[in-house]
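Chemist: Structure: entry_30.csv, CSV, C-alpha atoms.
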chain,number,residue,atom,x,y,z
P,1,MET,CA,194.9,117.1,115.0
P,2,ARG,CA,193.8,116.4,111.5
P,3,ILE,CA,195.8,114.0,109.3
P,4,LYS,CA,194.8,113.7,105.6
P,5,LEU,CA,195.5,110.2,104.3
P,6,ILE,CA,195.7,110.2,100.5
P,7,ASN,CA,195.3,107.0,98.4
P,8,PRO,CA,197.0,107.9,95.1
P,9,ASN,CA,195.2,105.2,93.2
P,10,THR,CA,191.6,105.6,92.2
P,11,THR,CA,190.1,102.6,94.0
P,12,SER,CA,187.8,103.9,96.7
P,13,SER,CA,187.4,100.5,98.4
P,14,MET,CA,191.1,100.4,99.1
P,15,THR,CA,190.8,103.9,100.6
P,16,ASP,CA,188.2,102.5,103.0
P,17,LEU,CA,190.5,99.7,104.0
P,18,ILE,CA,193.5,102.1,104.5
P,19,GLY,CA,191.3,104.6,106.4
P,20,ALA,CA,190.1,101.9,108.8
P,21,ALA,CA,193.7,100.8,109.4
P,22,ALA,CA,194.7,104.4,110.2
P,23,ARG,CA,191.8,105.0,112.5
P,24,ALA,CA,192.5,101.8,114.4
P,25,VAL,CA,195.9,103.2,115.6
P,26,ALA,CA,195.1,107.0,115.7
P,27,ALA,CA,194.8,108.8,119.0
P,28,GLU,CA,191.3,109.5,120.2
P,29,ARG,CA,191.6,113.2,119.3
P,30,THR,CA,193.2,112.6,115.9
P,31,GLU,CA,190.9,113.1,112.9
P,32,ILE,CA,191.7,110.9,109.9
P,33,ILE,CA,190.5,112.2,106.6
P,34,ALA,CA,190.9,109.4,104.0
P,35,THR,CA,190.7,110.5,100.4
P,36,THR,CA,190.9,108.8,97.0
P,37,SER,CA,192.8,110.4,94.1
P,38,LYS,CA,190.5,111.7,91.4
P,39,SER,CA,193.0,111.0,88.6
P,40,GLY,CA,195.4,108.1,87.9
P,41,ALA,CA,195.4,104.4,87.8
P,42,ALA,CA,193.1,101.9,89.6
P,43,SER,CA,196.3,100.4,91.2
P,44,ILE,CA,199.9,101.5,91.2
P,45,GLU,CA,202.2,98.8,90.1
P,46,GLY,CA,205.1,100.4,88.2
P,47,HIS,CA,207.0,103.6,87.4
P,48,PHE,CA,204.4,104.8,84.9
P,49,ASP,CA,201.6,104.3,87.3
P,50,GLU,CA,203.5,106.2,90.0
P,51,ALA,CA,204.2,109.1,87.6
P,52,MET,CA,200.6,109.3,86.5
P,53,SER,CA,199.4,109.4,90.1
P,54,ILE,CA,201.4,112.4,91.2
P,55,VAL,CA,199.1,115.2,89.8
P,56,GLY,CA,196.1,113.7,91.5
P,57,LEU,CA,198.1,113.4,94.7
P,58,ILE,CA,199.1,117.1,94.6
P,59,ASP,CA,195.5,118.1,93.9
P,60,GLU,CA,194.4,116.3,97.1
P,61,ILE,CA,196.9,118.5,99.1
P,62,LEU,CA,196.0,121.7,97.3
P,63,GLU,CA,192.2,121.2,97.6
P,64,GLY,CA,190.0,120.7,100.6
P,65,PRO,CA,190.4,121.7,104.2
P,66,PRO,CA,193.9,122.2,105.6
P,67,ALA,CA,195.5,119.3,107.5
P,68,ASP,CA,198.2,119.2,110.2
P,69,ALA,CA,200.0,116.4,108.3
P,70,TYR,CA,199.6,114.3,105.1
P,71,VAL,CA,200.2,110.6,104.5
P,72,ILE,CA,200.8,109.2,101.0
P,73,ALA,CA,199.3,105.7,101.2
P,74,CYS,CA,201.3,103.9,98.5
P,75,PHE,CA,204.4,101.9,99.2
P,76,GLY,CA,206.3,103.5,96.3
P,77,ASP,CA,206.0,106.9,98.1
P,78,PRO,CA,205.1,108.6,94.8
P,79,GLY,CA,205.5,112.4,94.7
P,80,LEU,CA,206.7,112.5,98.3
P,81,LEU,CA,209.3,115.2,97.8
P,82,ALA,CA,207.0,117.2,95.5
P,83,ALA,CA,204.3,117.1,98.1
P,84,ARG,CA,206.8,118.4,100.7
P,85,GLU,CA,207.6,121.3,98.5
P,86,ILE,CA,204.0,122.6,98.4
P,87,THR,CA,203.2,122.4,102.1
P,88,ASN,CA,204.8,123.3,105.4
P,89,ALA,CA,202.8,120.5,107.1
P,90,PRO,CA,204.8,117.3,107.5
P,91,VAL,CA,204.2,114.7,104.7
P,92,PHE,CA,204.9,111.0,105.2
P,93,GLY,CA,205.4,108.2,102.8
P,94,ILE,CA,204.4,104.8,104.1
P,95,ALA,CA,207.5,103.0,102.9
P,96,GLU,CA,209.8,105.5,104.6
P,97,ALA,CA,207.8,105.3,107.8
P,98,ALA,CA,207.6,101.5,107.8
P,99,MET,CA,211.3,101.0,107.3
P,100,HIS,CA,212.2,103.5,110.0
P,101,ALA,CA,209.7,101.8,112.4
P,102,ALA,CA,211.2,98.4,111.7
P,103,THR,CA,214.6,99.6,112.8
P,104,PHE,CA,213.2,100.5,116.2
P,105,VAL,CA,212.0,97.0,116.9
P,106,SER,CA,214.5,94.7,115.0
P,107,THR,CA,218.0,94.5,113.8
P,108,GLY,CA,217.0,93.3,110.3
P,109,PHE,CA,213.7,93.2,108.4
P,110,SER,CA,212.4,91.8,105.1
P,111,VAL,CA,209.9,93.6,102.9
P,112,VAL,CA,207.1,91.5,101.5
P,113,THR,CA,205.5,93.2,98.5
P,114,THR,CA,203.2,92.5,95.6
P,115,LEU,CA,204.7,92.1,92.0
P,116,GLU,CA,208.3,91.5,91.0
P,117,ARG,CA,208.4,94.9,89.3
P,118,THR,CA,207.4,96.6,92.5
P,119,ARG,CA,210.1,94.6,94.3
P,120,ILE,CA,212.7,96.4,92.2
P,121,ILE,CA,211.1,99.8,93.0
P,122,THR,CA,211.2,99.0,96.7
P,123,GLU,CA,214.9,98.1,96.4
P,124,HIS,CA,215.5,101.6,95.0
P,125,LEU,CA,213.7,103.1,98.1
P,126,VAL,CA,215.8,100.9,100.4
P,127,ARG,CA,218.9,102.6,99.0
P,128,THR,CA,217.3,106.1,98.9
P,129,TYR,CA,216.4,105.9,102.6
P,130,GLY,CA,219.8,104.5,103.6
P,131,MET,CA,218.3,101.2,104.8
P,132,GLU,CA,220.8,98.8,103.1
P,133,HIS,CA,222.2,97.7,106.5
P,134,HIS,CA,218.7,97.0,108.0
P,135,CYS,CA,216.8,95.5,105.1
P,136,ARG,CA,217.8,91.9,104.6
P,137,ARG,CA,215.7,91.4,101.4
P,138,VAL,CA,212.8,92.6,99.4
P,139,ARG,CA,210.5,89.7,98.4
P,140,ALA,CA,207.7,89.7,95.8
P,141,THR,CA,204.6,87.5,96.0
P,142,ASP,CA,203.3,88.2,92.5
P,143,VAL,CA,200.0,89.0,94.0
P,144,PRO,CA,198.4,92.0,92.0
P,145,VAL,CA,197.3,94.9,94.2
P,146,LEU,CA,193.6,94.5,93.5
P,147,GLU,CA,193.7,90.8,94.3
P,148,LEU,CA,194.3,91.8,97.9
P,149,GLU,CA,190.7,92.8,98.0
P,150,ASN,CA,189.4,89.7,96.4
P,151,PRO,CA,188.0,87.4,99.1
P,152,ASN,CA,188.2,84.4,96.7
P,153,SER,CA,192.0,84.9,96.1
P,154,ASN,CA,194.7,83.0,97.9
P,155,ALA,CA,196.5,86.3,98.6
P,156,ARG,CA,196.6,85.9,102.4
P,157,ALA,CA,198.1,82.4,102.3
P,158,THR,CA,200.6,83.5,99.7
P,159,ILE,CA,201.8,86.5,101.7
P,160,LEU,CA,202.0,84.4,104.9
P,161,ALA,CA,204.1,81.8,103.1
P,162,GLU,CA,206.5,84.4,101.8
P,163,CYS,CA,206.8,86.0,105.2
P,164,GLU,CA,207.6,82.6,106.7
P,165,ARG,CA,210.3,82.1,104.0
P,166,ALA,CA,211.7,85.6,104.8
P,167,LEU,CA,212.1,84.7,108.5
P,168,ARG,CA,213.7,81.4,107.7
P,169,GLU,CA,216.0,82.3,104.8
P,170,ASP,CA,216.8,86.0,105.4
P,171,GLN,CA,217.4,85.7,109.2
P,172,SER,CA,215.1,88.7,109.5
P,173,SER,CA,213.4,89.5,112.8
P,174,ALA,CA,210.6,91.7,111.5
P,175,ILE,CA,208.4,92.0,108.4
P,176,VAL,CA,207.5,95.2,106.6
P,177,LEU,CA,204.4,94.9,104.4
P,178,GLY,CA,205.1,96.4,101.0
P,179,CYS,CA,201.7,97.6,100.0
P,180,ALA,CA,199.0,99.8,101.6
P,181,GLY,CA,196.5,97.3,100.5
P,182,MET,CA,198.0,94.8,103.0
P,183,ALA,CA,197.2,97.1,105.9
P,184,ASP,CA,194.5,94.8,107.2
P,185,LEU,CA,196.8,91.8,107.3
P,186,ALA,CA,199.3,93.1,109.9
P,187,SER,CA,197.6,91.8,113.0
P,188,TYR,CA,196.8,88.4,111.4
P,189,LEU,CA,200.4,88.0,110.2
P,190,GLU,CA,201.9,89.1,113.5
P,191,ASP,CA,199.8,86.5,115.3
P,192,GLN,CA,200.9,83.8,112.9
P,193,LEU,CA,204.6,84.7,112.8
P,194,GLN,CA,205.2,85.9,116.3
P,195,VAL,CA,207.5,88.8,115.1
P,196,PRO,CA,206.8,92.5,114.6
P,197,VAL,CA,204.8,93.1,111.3
P,198,ILE,CA,204.9,96.7,110.3
P,199,ASP,CA,202.1,98.3,108.2
P,200,GLY,CA,203.3,101.6,106.8
P,201,VAL,CA,199.9,103.2,107.1
P,202,ALA,CA,199.8,102.7,110.8
P,203,ALA,CA,203.5,103.7,111.2
P,204,ALA,CA,203.0,106.9,109.2
P,205,VAL,CA,200.0,108.0,111.2
P,206,LYS,CA,201.8,107.5,114.5
P,207,PHE,CA,204.9,109.3,113.2
P,208,ALA,CA,202.6,112.1,112.0
P,209,GLU,CA,201.1,112.5,115.5
P,210,ALA,CA,204.6,112.6,117.0
P,211,ILE,CA,206.1,115.1,114.6
P,212,VAL,CA,203.0,117.4,114.7
P,213,GLY,CA,203.0,117.1,118.5
P,214,MET,CA,206.6,118.3,118.6
P,215,GLY,CA,205.6,121.4,116.6
P,216,LEU,CA,207.8,120.5,113.6
P,217,LYS,CA,207.1,121.7,110.1
P,218,THR,CA,208.6,120.8,106.7
P,219,SER,CA,211.8,122.9,106.1
P,220,LYS,CA,211.5,125.5,103.5
P,221,ARG,CA,215.2,126.0,103.1
P,222,GLY,CA,216.9,124.5,100.0
P,223,ASP,CA,215.2,122.0,97.8
P,224,LEU,CA,212.0,121.8,99.7
P,225,ALA,CA,211.3,125.5,99.3
P,226,PRO,CA,208.0,126.3,97.5
P,227,PRO,CA,208.0,125.6,93.8
P,228,LEU,CA,209.3,128.4,91.5
P,229,PRO,CA,206.6,130.3,89.7
P,230,LYS,CA,206.6,129.5,86.0
P,231,ILE,CA,204.4,128.8,83.0
P,232,TYR,CA,202.9,125.3,82.6
P,233,ARG,CA,201.5,124.2,79.3
P,234,GLY,CA,199.3,121.5,77.9
P,235,LYS,CA,197.3,119.5,80.3
P,236,LEU,CA,199.1,121.1,83.2
P,237,SER,CA,198.4,124.7,82.1
P,238,GLY,CA,196.4,125.4,85.2
P,239,TYR,CA,199.2,124.7,87.5
P,240,GLY,CA,201.1,127.9,86.6
P,241,ALA,CA,198.4,130.0,88.1
P,242,ALA,CA,198.2,127.6,91.0
P,243,THR,CA,201.6,128.8,92.2
P,244,GLY,CA,200.2,132.1,93.5
P,245,MET,CA,199.9,132.6,97.2
P,246,THR,CA,196.9,131.3,99.1
P,247,GLN,CA,195.5,131.9,102.6
P,248,ARG,CA,195.9,128.2,103.4
P,249,SER,CA,198.1,127.9,106.4
P,250,ASP,CA,199.4,124.4,105.4
P,251,VAL,CA,200.1,125.1,101.7
P,252,LEU,CA,203.0,127.2,100.8
P,253,LYS,CA,203.2,128.1,97.1
P,254,ALA,CA,205.5,130.6,95.4
P,255,SER,CA,204.3,134.0,94.6
Would you put the structure from the file into structure tokens?
Modeler:
Amino acid sequence: MRIKLINPNTTSSMTDLIGAAARAVAAERTEIIATTSKSGAASIEGHFDEAMSIVGLIDEILEGPPADAYVIACFGDPGLLAAREITNAPVFGIAEAAMHAATFVSTGFSVVTTLERTRIITEHLVRTYGMEHHCRRVRATDVPVLELENPNSNARATILAECERALREDQSSAIVLGCAGMADLASYLEDQLQVPVIDGVAAAVKFAEAIVGMGLKTSKRGDLAPPLPKIYRGKLSGYGAATGMTQRSDVLKAS
């Protein structure tokens, strides 16, 4: 089984971290291909960043060898439904995967994320995914995404302290990490907190293995049918031609 893990930001060192987290939980015969978007922002910390990341994300699905499943490794799940339109392979967002995983091991969870503005974006996702009765609170640490990679920052201590407050004040029994760049903190935090700590990268990989193992594909009925063929202009002019059929078994594009 081949799972393509796409980092929609352009920071390759974060891709390395995410790829390591994915391989740590993947089954022995699962191949993890971790890729970095070729276009977009160095970190995704707002609606604009998310919007600008989607073309690079789509390119990573359209290009390269076929995969049995795709994982979008950004907690905003940017471009998730667009990605599902262009492939019959299952596509997983790490926020959706993490929240579902948390409901299997707790009756209530808190999300601990990075900036205040991304807290608001995560709250939107909680409602979109129907998690209002499970998510007790979304908490921001005001740690910028790229500071997670800075060994001289106090990001780890700040995140731990916010997780402790979540357990104490929210009456949560699990923590969901609200950024792919926190993937390497899950084991440390779980050991410190003694509750389940869910990293969305790991959750998405294991869900991908399960769904592919069941032989399930993305439905092509209704709104996830292949995109309609039409003319694109300006910087996206090449994408009109890209809607022609290909021989790729995992990519379905309108003729």
Chemist: Using Å and a single decimal, report how far atom CA of Met99 of chain P sits from atom CA of Ala155 of chain P.
Modeler: 22.6 Å
Chemist: Fewer than 4 positions away in the same chain doesn't count, so skip those; otherwise give me all residues within 9 Å of segment 219-222 of chain P, counting only C-alpha atoms, as a PyMOL selection string.
Modeler: chain P and resi 84-85+87-88+226
Chemist: Could those residues be written to a file, using C-alpha atoms, as a short mmCIF file (atom, residue, chain, number, x, y, z; two decimals), in the frame of the given file?
Modeler:
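Written out: part.cif:
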data_model
loop_
_atom_site.label_atom_id
_atom_site.label_comp_id
_atom_site.auth_asym_id
_atom_site.auth_seq_id
_atom_site.Cartn_x
_atom_site.Cartn_y
_atom_site.Cartn_z
CA ARG P 84 206.80 118.40 100.70
CA GLU P 85 207.60 121.30 98.50
CA THR P 87 203.20 122.40 102.10
CA ASN P 88 204.80 123.30 105.40
CA PRO P 226 208.00 126.30 97.50
#
Chemist: May I have the protein, DNA and RNA residues with an atom at most 6 Å from (214.8, 88.3, 105.6), counting all atoms listed in the file in the file's coordinates, returned as a ChimeraX atom specification?
Modeler: /P:109-110,136-137,166-167,170-172
Chemist: Compare P:Pro8, P:Pro151, P:Gly56, P:Gly238 by their minimum atom-to-atom distance to Val71 of chain P, counting all atoms listed in the file, and give me the closest one.
Modeler: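 When distances to Val71 of chain P are compared using all atoms listed in the file, the smallest one comes from P:Pro8.
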Chemist: One number please: atom CA of Ile198 of chain P to atom CA of Val176 of chain P, in Å, one decimal.
Modeler: 4.8 Å
Chemist: Using all atoms listed in the file, what table do you get, as JSON lines, when you list each residue of segment 85-160 of chain P with an atom no more than 10 Å from segment 11-20 of chain P, its nearest pair of atoms, and their distance in Å rounded to one decimal, rows by chain then rising number?
Modeler:
{"residue": "P:Val145", "atom": "CA", "partner": "P:Met14", "partner_atom": "CA", "distance": 9.6}
{"residue": "P:Leu146", "atom": "CA", "partner": "P:Met14", "partner_atom": "CA", "distance": 8.5}
{"residue": "P:Leu148", "atom": "CA", "partner": "P:Met14", "partner_atom": "CA", "distance": 9.3}
{"residue": "P:Glu149", "atom": "CA", "partner": "P:Met14", "partner_atom": "CA", "distance": 7.7}
Chemist: Can you tell me how far atom CA of Pro196 of chain P sits from atom CA of Thr103 of chain P, in Å to one decimal?
Modeler: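 Here the two named atoms are 10.7 Å from each other.
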Chemist: Got a sec: who's within 10 Å of Ile211 of chain P, counting all atoms listed in the file, leaving out chain neighbours fewer than 5 positions off, as a PyMOL selection string?
Modeler: chain P and resi 68-69+89-90+205-206+216-217
Chemist: So that I have them on file, write out the residues from the current selection with C-alpha atoms, as an mmCIF file, in the frame of the given file.
Modeler:
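Ended up saving to result.cif:
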data_model
loop_
_atom_site.group_PDB
_atom_site.id
_atom_site.type_symbol
_atom_site.label_atom_id
_atom_site.label_comp_id
_atom_site.auth_asym_id
_atom_site.auth_seq_id
_atom_site.Cartn_x
_atom_site.Cartn_y
_atom_site.Cartn_z
ATOM 1 C CA ASP P 68 198.200 119.200 110.200
ATOM 2 C CA ALA P 69 200.000 116.400 108.300
ATOM 3 C CA ALA P 89 202.800 120.500 107.100
ATOM 4 C CA PRO P 90 204.800 117.300 107.500
ATOM 5 C CA VAL P 205 200.000 108.000 111.200
ATOM 6 C CA LYS P 206 201.800 107.500 114.500
ATOM 7 C CA LEU P 216 207.800 120.500 113.600
ATOM 8 C CA LYS P 217 207.100 121.700 110.100
#
Chemist: Around the point (195.0, 101.6, 106.1), in the coordinates given by the file, pick out the residues reaching within 10 Å, counting all atoms listed in the file, and return them as a PyMOL selection string.
Modeler: chain P and resi 5+7+14-25+34+73+179-184+199-202+205
Chemist: When you count only C-alpha atoms, which of these residues is closest to Arg29 of chain P: P:Glu209, P:Ile44, P:Ile72, P:Ser173?
Modeler: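 The shortest atom-to-atom distance to Arg29 of chain P comes from P:Glu209.
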Chemist: I'd like to know which of P:Ser53, P:Ser153, P:Thr113, P:Thr141 is closest to Leu80 of chain P, using all atoms listed in the file.
Modeler: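 That would be P:Ser53, the residue with the smallest distance to Leu80 of chain P.
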Chemist: Using all atoms listed in the file for the distances, tell me which of P:Phe75, P:Ile32, P:Ala97, P:Ser39 is nearest to His124 of chain P.
Modeler: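 Of P:Phe75, P:Ile32, P:Ala97, P:Ser39, the one nearest His124 of chain P is P:Phe75, counting all atoms listed in the file.
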Chemist: Pick from P:Ala140, P:Tyr239, P:Tyr129, P:Ser43: nearest to Arg165 of chain P, with only C-alpha atoms counted?
Modeler: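 Using only C-alpha atoms, the shortest distance to Arg165 of chain P belongs to P:Ala140.
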Chemist: Within 12 Å of segment 46-49 of chain P, which residues of segment 88-165 of chain P come that close, and what is the closest atom pair and distance in Å for each? Count only C-alpha atoms and give it as JSON lines.
Modeler:
{"residue": "P:Thr114", "atom": "CA", "partner": "P:Gly46", "partner_atom": "CA", "distance": 11.0}
{"residue": "P:Leu115", "atom": "CA", "partner": "P:Gly46", "partner_atom": "CA", "distance": 9.1}
{"residue": "P:Glu116", "atom": "CA", "partner": "P:Gly46", "partner_atom": "CA", "distance": 9.9}
{"residue": "P:Arg117", "atom": "CA", "partner": "P:Gly46", "partner_atom": "CA", "distance": 6.5}
{"residue": "P:Thr118", "atom": "CA", "partner": "P:Gly46", "partner_atom": "CA", "distance": 6.2}
{"residue": "P:Arg119", "atom": "CA", "partner": "P:Gly46", "partner_atom": "CA", "distance": 9.8}
{"residue": "P:Ile120", "atom": "CA", "partner": "P:Gly46", "partner_atom": "CA", "distance": 9.5}
{"residue": "P:Ile121", "atom": "CA", "partner": "P:Gly46", "partner_atom": "CA", "distance": 7.7}
{"residue": "P:Thr122", "atom": "CA", "partner": "P:Gly46", "partner_atom": "CA", "distance": 10.6}
{"residue": "P:His124", "atom": "CA", "partner": "P:His47", "partner_atom": "CA", "distance": 11.6}
{"residue": "P:Pro144", "atom": "CA", "partner": "P:Gly46", "partner_atom": "CA", "distance": 11.4}
{"residue": "P:Val145", "atom": "CA", "partner": "P:Gly46", "partner_atom": "CA", "distance": 11.3}
Chemist: Once N, CA and C atoms are restored for segment 112-125 of chain P, what would the output be as a JSON list (two decimals), keeping the file's coordinate frame?
Modeler:
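Saved result, part.json, follows:
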[["chain", "number", "residue", "atom", "x", "y", "z"],
["P", 112, "VAL", "N", 207.92, 92.38, 102.29],
["P", 112, "VAL", "CA", 207.10, 91.50, 101.50],
["P", 112, "VAL", "C", 206.12, 92.31, 100.69],
["P", 113, "THR", "N", 206.27, 92.31, 99.36],
["P", 113, "THR", "CA", 205.50, 93.20, 98.50],
["P", 113, "THR", "C", 204.64, 92.39, 97.53],
["P", 114, "THR", "N", 204.16, 93.07, 96.51],
["P", 114, "THR", "CA", 203.20, 92.50, 95.60],
["P", 114, "THR", "C", 203.97, 91.89, 94.35],
["P", 115, "LEU", "N", 204.08, 92.64, 93.28],
["P", 115, "LEU", "CA", 204.70, 92.10, 92.00],
["P", 115, "LEU", "C", 206.18, 92.25, 92.01],
["P", 116, "GLU", "N", 206.80, 91.47, 91.13],
["P", 116, "GLU", "CA", 208.30, 91.50, 91.00],
["P", 116, "GLU", "C", 208.73, 92.92, 90.57],
["P", 117, "ARG", "N", 207.98, 93.60, 89.72],
["P", 117, "ARG", "CA", 208.40, 94.90, 89.30],
["P", 117, "ARG", "C", 208.37, 95.92, 90.46],
["P", 118, "THR", "N", 207.45, 95.74, 91.38],
["P", 118, "THR", "CA", 207.40, 96.60, 92.50],
["P", 118, "THR", "C", 208.51, 96.25, 93.56],
["P", 119, "ARG", "N", 208.96, 94.99, 93.50],
["P", 119, "ARG", "CA", 210.10, 94.60, 94.30],
["P", 119, "ARG", "C", 211.32, 95.48, 93.97],
["P", 120, "ILE", "N", 211.53, 95.67, 92.69],
["P", 120, "ILE", "CA", 212.70, 96.40, 92.20],
["P", 120, "ILE", "C", 212.52, 97.91, 92.65],
["P", 121, "ILE", "N", 211.32, 98.44, 92.56],
["P", 121, "ILE", "CA", 211.10, 99.80, 93.00],
["P", 121, "ILE", "C", 211.36, 99.96, 94.49],
["P", 122, "THR", "N", 210.94, 98.98, 95.27],
["P", 122, "THR", "CA", 211.20, 99.00, 96.70],
["P", 122, "THR", "C", 212.68, 98.94, 97.01],
["P", 123, "GLU", "N", 213.42, 98.15, 96.25],
["P", 123, "GLU", "CA", 214.90, 98.10, 96.40],
["P", 123, "GLU", "C", 215.50, 99.47, 96.21],
["P", 124, "HIS", "N", 215.00, 100.22, 95.25],
["P", 124, "HIS", "CA", 215.50, 101.60, 95.00],
["P", 124, "HIS", "C", 215.22, 102.44, 96.29],
["P", 125, "LEU", "N", 214.04, 102.29, 96.87],
["P", 125, "LEU", "CA", 213.70, 103.10, 98.10],
["P", 125, "LEU", "C", 214.59, 102.67, 99.25]]
